[in-house]
Amino acid sequence: MFTLRPMTGIYLLCGDRILMLHRHGSKVVDGLWVASAGGHFEENEMKHPAACVLRELREELNLAPEQLRGLAMRYVTLRRVGEEIRQNYYFFAELAEEVLLTSNEGELRWVLLNEVMALEMPFSARLMMEHYLTTGRFTTALYAGVTDDHMMHFAEMKEKG
């Protein structure tokens with residue numbers, strides 16, 4: 001039987017820079033560069049990824065939704081790790097104004113978009129970010145991604161009437 005691990009992450013943008021977190025002390029992604037903030041769903045958030053990501057944003061960066069512009073869920077990815085299926089809900093938003101940010105989860109760093117792929121990231125996050133940089137950042141679409149051994153297969157999730 002499989003278990004599910006639903007998680008959210010939010011990438012904050014400011015011009016041509018993206019805020020990345022070098023996470024410390026995580027059971028899943030320790031010592032890797034990940035989204036600005038994120039984490040696991042709480043029981044009451046299972047049907048509401050935005051509620052989860054906004055809670056994580058408050059807890060980890062002390063940011064409120066009013067400090068963001070254009071918050072949108074842009075990717076839903078699935079990856080099997082043994083008997084666990086990892087579900088990631090990735091959000092992107094612009095920081096409305098520059099504020100000094102600190103995180104209780106690790107080291108924050110603003111990285112130029114054209115340099116972000118040089119960072120060591122988790123498998124799914126790396127493949128999602130590669131797609132975002134080449135395709136996703138130029139659209140407003142929601143994408144689904146499913147991994148195999150070497151890559152992630154993306155499809156735009158279009159609304160059907």
# chains A, B, ... in the order shown; residues from 1 in each chain; ligands from 1

$ residues_around --residues "A:Glu45" --least-positions-apart "4" --cutoff "12 Å" --atoms "only C-alpha atoms" --output "short mmCIF file (atom, residue, chain, number, x, y, z; two decimals) with C-alpha atoms, in the first residue's frame"
data_model
loop_
_atom_site.label_atom_id
_atom_site.label_comp_id
_atom_site.auth_asym_id
_atom_site.auth_seq_id
_atom_site.Cartn_x
_atom_site.Cartn_y
_atom_site.Cartn_z
CA PRO A 6 1.26 16.21 0.26
CA MET A 7 3.47 19.30 0.44
CA THR A 8 3.37 22.92 -0.71
CA GLY A 39 5.89 22.22 4.10
CA HIS A 40 3.37 19.52 4.84
CA PHE A 41 -0.40 19.87 4.89
CA PRO A 49 -3.26 23.89 -0.90
CA ALA A 50 -3.41 27.71 -0.80
CA ALA A 51 -4.34 27.62 2.90
CA CYS A 52 -1.33 25.40 3.56
CA VAL A 53 1.14 27.54 1.63
CA LEU A 54 -0.13 30.76 3.24
CA ARG A 55 0.20 29.22 6.71
CA GLU A 56 3.75 28.11 5.91
#

$ residues_around --residues "A:Ile10" --least-positions-apart "6" --cutoff "10 Å" --atoms "only C-alpha atoms" --output "list in words"
Leu19, Met20, Val34, Ala35, Ser36, Ala37, Gly38, Gly39, Ala50, Val53, Leu54, Glu56, Leu57, Leu71, Ala72, Met73, Arg74, Tyr89, Tyr90, Phe91, Phe92 and Ala93 of chain A

$ residues_around --residues "A:Asn114" --least-positions-apart "2" --cutoff "9 Å" --atoms "only C-alpha atoms" --output "list in words"
Asp16, Arg17, Val111, Leu112, Val116, Met117, Ala118 and Leu133 of chain A

$ residues_around --residues "A:Phe2" --least-positions-apart "6" --cutoff "9 Å" --atoms "only C-alpha atoms" --output "ChimeraX atom specification"
/A:82-85

$ write_last_selection --atoms "all heavy atoms" --output "mmCIF file, in the first residue's frame"
data_model
loop_
_atom_site.group_PDB
_atom_site.id
_atom_site.type_symbol
_atom_site.label_atom_id
_atom_site.label_comp_id
_atom_site.auth_asym_id
_atom_site.auth_seq_id
_atom_site.Cartn_x
_atom_site.Cartn_y
_atom_site.Cartn_z
ATOM 1 N N GLY A 82 9.793 4.881 -3.205
ATOM 2 C CA GLY A 82 9.454 3.645 -2.513
ATOM 3 C C GLY A 82 7.957 3.459 -2.487
ATOM 4 O O GLY A 82 7.293 3.489 -3.514
ATOM 5 N N GLU A 83 7.406 3.305 -1.295
ATOM 6 C CA GLU A 83 5.964 3.115 -1.132
ATOM 7 C C GLU A 83 5.250 4.427 -0.793
ATOM 8 O O GLU A 83 4.137 4.422 -0.295
ATOM 9 C CB GLU A 83 5.700 2.068 -0.041
ATOM 10 C CG GLU A 83 6.226 0.685 -0.391
ATOM 11 C CD GLU A 83 5.613 0.141 -1.682
ATOM 12 O OE1 GLU A 83 4.370 0.093 -1.781
ATOM 13 O OE2 GLU A 83 6.378 -0.227 -2.598
ATOM 14 N N GLU A 84 5.906 5.544 -1.071
ATOM 15 C CA GLU A 84 5.335 6.861 -0.791
ATOM 16 C C GLU A 84 5.152 7.616 -2.103
ATOM 17 O O GLU A 84 6.012 7.580 -2.972
ATOM 18 C CB GLU A 84 6.295 7.636 0.117
ATOM 19 C CG GLU A 84 5.850 9.021 0.469
ATOM 20 C CD GLU A 84 6.832 9.692 1.409
ATOM 21 O OE1 GLU A 84 7.861 10.206 0.935
ATOM 22 O OE2 GLU A 84 6.554 9.686 2.621
ATOM 23 N N ILE A 85 4.015 8.281 -2.235
ATOM 24 C CA ILE A 85 3.780 9.169 -3.367
ATOM 25 C C ILE A 85 3.844 10.593 -2.847
ATOM 26 O O ILE A 85 3.052 10.991 -1.981
ATOM 27 C CB ILE A 85 2.423 8.886 -4.042
ATOM 28 C CG1 ILE A 85 2.438 7.471 -4.621
ATOM 29 C CG2 ILE A 85 2.154 9.932 -5.128
ATOM 30 C CD1 ILE A 85 1.126 7.030 -5.194
#

$ select_by_dssp --residues "stretch 12-160 of chain A" --states "alpha helix (DSSP H)" --output "PyMOL selection string"
chain A and resi 49-61+123-134

$ closest_residue --among "A:Pro65, A:Glu105, A:Glu120, A:Glu98" --to "A:Gly15" --atoms "only C-alpha atoms"
A:Glu98

$ residues_around --residues "A:Pro122" --least-positions-apart "3" --cutoff "8 Å" --atoms "only C-alpha atoms" --output "list in words"
Val29, Leu32, Trp33, Val34, Ala125 and Arg126 of chain A

$ residues_around --residues "A:Phe123" --least-positions-apart "4" --cutoff "9 Å" --atoms "only C-alpha atoms" --output "JSON, numbers by chain"
{"A": [127, 128, 151]}

$ write_last_selection --atoms "all heavy atoms" --output "mmCIF file, in the first residue's frame"
data_model
loop_
_atom_site.group_PDB
_atom_site.id
_atom_site.type_symbol
_atom_site.label_atom_id
_atom_site.label_comp_id
_atom_site.auth_asym_id
_atom_site.auth_seq_id
_atom_site.Cartn_x
_atom_site.Cartn_y
_atom_site.Cartn_z
ATOM 1 N N LEU A 127 13.340 19.669 -11.656
ATOM 2 C CA LEU A 127 12.675 19.485 -12.948
ATOM 3 C C LEU A 127 11.545 20.491 -13.139
ATOM 4 O O LEU A 127 11.345 21.017 -14.240
ATOM 5 C CB LEU A 127 12.166 18.055 -13.062
ATOM 6 C CG LEU A 127 13.274 17.003 -13.085
ATOM 7 C CD1 LEU A 127 12.687 15.609 -13.003
ATOM 8 C CD2 LEU A 127 14.172 17.149 -14.302
ATOM 9 N N MET A 128 10.809 20.799 -12.071
ATOM 10 C CA MET A 128 9.766 21.815 -12.149
ATOM 11 C C MET A 128 10.380 23.171 -12.457
ATOM 12 O O MET A 128 9.897 23.918 -13.305
ATOM 13 C CB MET A 128 8.982 21.859 -10.824
ATOM 14 C CG MET A 128 7.872 22.901 -10.777
ATOM 15 S SD MET A 128 8.379 24.605 -10.396
ATOM 16 C CE MET A 128 9.248 24.421 -8.855
ATOM 17 N N MET A 151 13.131 11.973 -15.710
ATOM 18 C CA MET A 151 12.566 13.268 -16.084
ATOM 19 C C MET A 151 11.151 13.414 -15.551
ATOM 20 O O MET A 151 10.606 12.500 -14.951
ATOM 21 C CB MET A 151 12.593 13.436 -17.602
ATOM 22 C CG MET A 151 11.761 12.418 -18.362
ATOM 23 S SD MET A 151 11.898 12.557 -20.163
ATOM 24 C CE MET A 151 11.220 14.160 -20.458
#

$ decode --residues "stretch 52-143 of chain A" --atoms "C-alpha atoms" --output "mmCIF file, in the first residue's frame"
data_model
loop_
_atom_site.group_PDB
_atom_site.id
_atom_site.type_symbol
_atom_site.label_atom_id
_atom_site.label_comp_id
_atom_site.auth_asym_id
_atom_site.auth_seq_id
_atom_site.Cartn_x
_atom_site.Cartn_y
_atom_site.Cartn_z
ATOM 1 C CA CYS A 52 -1.330 25.396 3.565
ATOM 2 C CA VAL A 53 1.139 27.539 1.630
ATOM 3 C CA LEU A 54 -0.131 30.762 3.239
ATOM 4 C CA ARG A 55 0.198 29.222 6.713
ATOM 5 C CA GLU A 56 3.754 28.110 5.913
ATOM 6 C CA LEU A 57 4.534 31.592 4.563
ATOM 7 C CA ARG A 58 3.393 33.144 7.864
ATOM 8 C CA GLU A 59 5.190 30.570 10.026
ATOM 9 C CA GLU A 60 8.492 30.516 8.149
ATOM 10 C CA LEU A 61 8.859 34.054 6.735
ATOM 11 C CA ASN A 62 6.346 36.084 8.758
ATOM 12 C CA LEU A 63 4.714 37.280 5.524
ATOM 13 C CA ALA A 64 1.019 37.982 4.982
ATOM 14 C CA PRO A 65 -0.877 37.519 1.690
ATOM 15 C CA GLU A 66 -1.181 41.332 1.413
ATOM 16 C CA GLN A 67 2.593 41.496 0.926
ATOM 17 C CA LEU A 68 2.352 39.440 -2.293
ATOM 18 C CA ARG A 69 1.190 40.122 -5.850
ATOM 19 C CA GLY A 70 -0.054 37.526 -8.282
ATOM 20 C CA LEU A 71 -0.097 34.524 -5.949
ATOM 21 C CA ALA A 72 -0.916 31.474 -8.075
ATOM 22 C CA MET A 73 -0.558 27.722 -7.899
ATOM 23 C CA ARG A 74 1.439 26.920 -11.037
ATOM 24 C CA TYR A 75 2.535 23.272 -10.679
ATOM 25 C CA VAL A 76 1.216 20.044 -9.192
ATOM 26 C CA THR A 77 3.791 17.259 -9.307
ATOM 27 C CA LEU A 78 3.804 13.571 -8.402
ATOM 28 C CA ARG A 79 6.827 11.440 -7.608
ATOM 29 C CA ARG A 80 7.027 7.928 -6.211
ATOM 30 C CA VAL A 81 9.701 7.274 -3.598
ATOM 31 C CA GLY A 82 9.454 3.645 -2.513
ATOM 32 C CA GLU A 83 5.964 3.115 -1.132
ATOM 33 C CA GLU A 84 5.335 6.861 -0.791
ATOM 34 C CA ILE A 85 3.780 9.169 -3.367
ATOM 35 C CA ARG A 86 4.992 12.737 -2.945
ATOM 36 C CA GLN A 87 2.482 15.345 -4.063
ATOM 37 C CA ASN A 88 3.921 18.847 -4.455
ATOM 38 C CA TYR A 89 1.825 21.958 -4.973
ATOM 39 C CA TYR A 90 4.111 24.776 -6.134
ATOM 40 C CA PHE A 91 3.039 28.417 -5.920
ATOM 41 C CA PHE A 92 4.704 31.540 -7.292
ATOM 42 C CA ALA A 93 4.205 35.182 -6.291
ATOM 43 C CA GLU A 94 5.899 38.552 -6.574
ATOM 44 C CA LEU A 95 6.970 40.240 -3.358
ATOM 45 C CA ALA A 96 5.009 43.515 -3.336
ATOM 46 C CA GLU A 97 7.863 45.374 -1.647
ATOM 47 C CA GLU A 98 11.354 44.478 -0.554
ATOM 48 C CA VAL A 99 11.452 43.516 3.094
ATOM 49 C CA LEU A 100 14.193 41.958 5.162
ATOM 50 C CA LEU A 101 13.325 38.286 5.401
ATOM 51 C CA THR A 102 14.656 35.602 7.704
ATOM 52 C CA SER A 103 13.624 31.982 7.985
ATOM 53 C CA ASN A 104 13.576 29.565 10.881
ATOM 54 C CA GLU A 105 14.110 26.718 8.362
ATOM 55 C CA GLY A 106 17.555 27.633 7.007
ATOM 56 C CA GLU A 107 19.480 30.201 4.952
ATOM 57 C CA LEU A 108 17.575 32.475 2.545
ATOM 58 C CA ARG A 109 19.258 33.829 -0.569
ATOM 59 C CA TRP A 110 18.072 35.924 -3.509
ATOM 60 C CA VAL A 111 19.335 34.238 -6.679
ATOM 61 C CA LEU A 112 19.255 35.534 -10.250
ATOM 62 C CA LEU A 113 16.803 33.508 -12.328
ATOM 63 C CA ASN A 114 19.523 32.687 -14.847
ATOM 64 C CA GLU A 115 21.695 31.241 -12.040
ATOM 65 C CA VAL A 116 19.123 29.238 -10.049
ATOM 66 C CA MET A 117 19.783 25.946 -11.886
ATOM 67 C CA ALA A 118 23.332 25.920 -10.476
ATOM 68 C CA LEU A 119 21.861 25.199 -7.008
ATOM 69 C CA GLU A 120 21.431 21.665 -5.673
ATOM 70 C CA MET A 121 17.681 21.019 -5.425
ATOM 71 C CA PRO A 122 15.407 18.027 -4.796
ATOM 72 C CA PHE A 123 14.655 15.960 -7.921
ATOM 73 C CA SER A 124 11.058 17.143 -8.479
ATOM 74 C CA ALA A 125 11.809 20.776 -7.633
ATOM 75 C CA ARG A 126 14.754 20.852 -10.065
ATOM 76 C CA LEU A 127 12.675 19.485 -12.948
ATOM 77 C CA MET A 128 9.766 21.815 -12.149
ATOM 78 C CA MET A 129 12.113 24.822 -11.979
ATOM 79 C CA GLU A 130 13.691 23.893 -15.302
ATOM 80 C CA HIS A 131 10.212 23.846 -16.887
ATOM 81 C CA TYR A 132 9.272 27.104 -15.165
ATOM 82 C CA LEU A 133 12.354 28.907 -16.487
ATOM 83 C CA THR A 134 11.861 27.730 -20.080
ATOM 84 C CA THR A 135 8.051 27.713 -20.295
ATOM 85 C CA GLY A 136 6.021 28.381 -17.156
ATOM 86 C CA ARG A 137 7.227 31.869 -16.377
ATOM 87 C CA PHE A 138 5.943 33.069 -19.742
ATOM 88 C CA THR A 139 2.384 31.795 -19.153
ATOM 89 C CA THR A 140 -0.273 31.839 -16.447
ATOM 90 C CA ALA A 141 -1.091 28.144 -16.924
ATOM 91 C CA LEU A 142 -1.315 25.455 -14.268
ATOM 92 C CA TYR A 143 0.886 22.445 -15.077
#
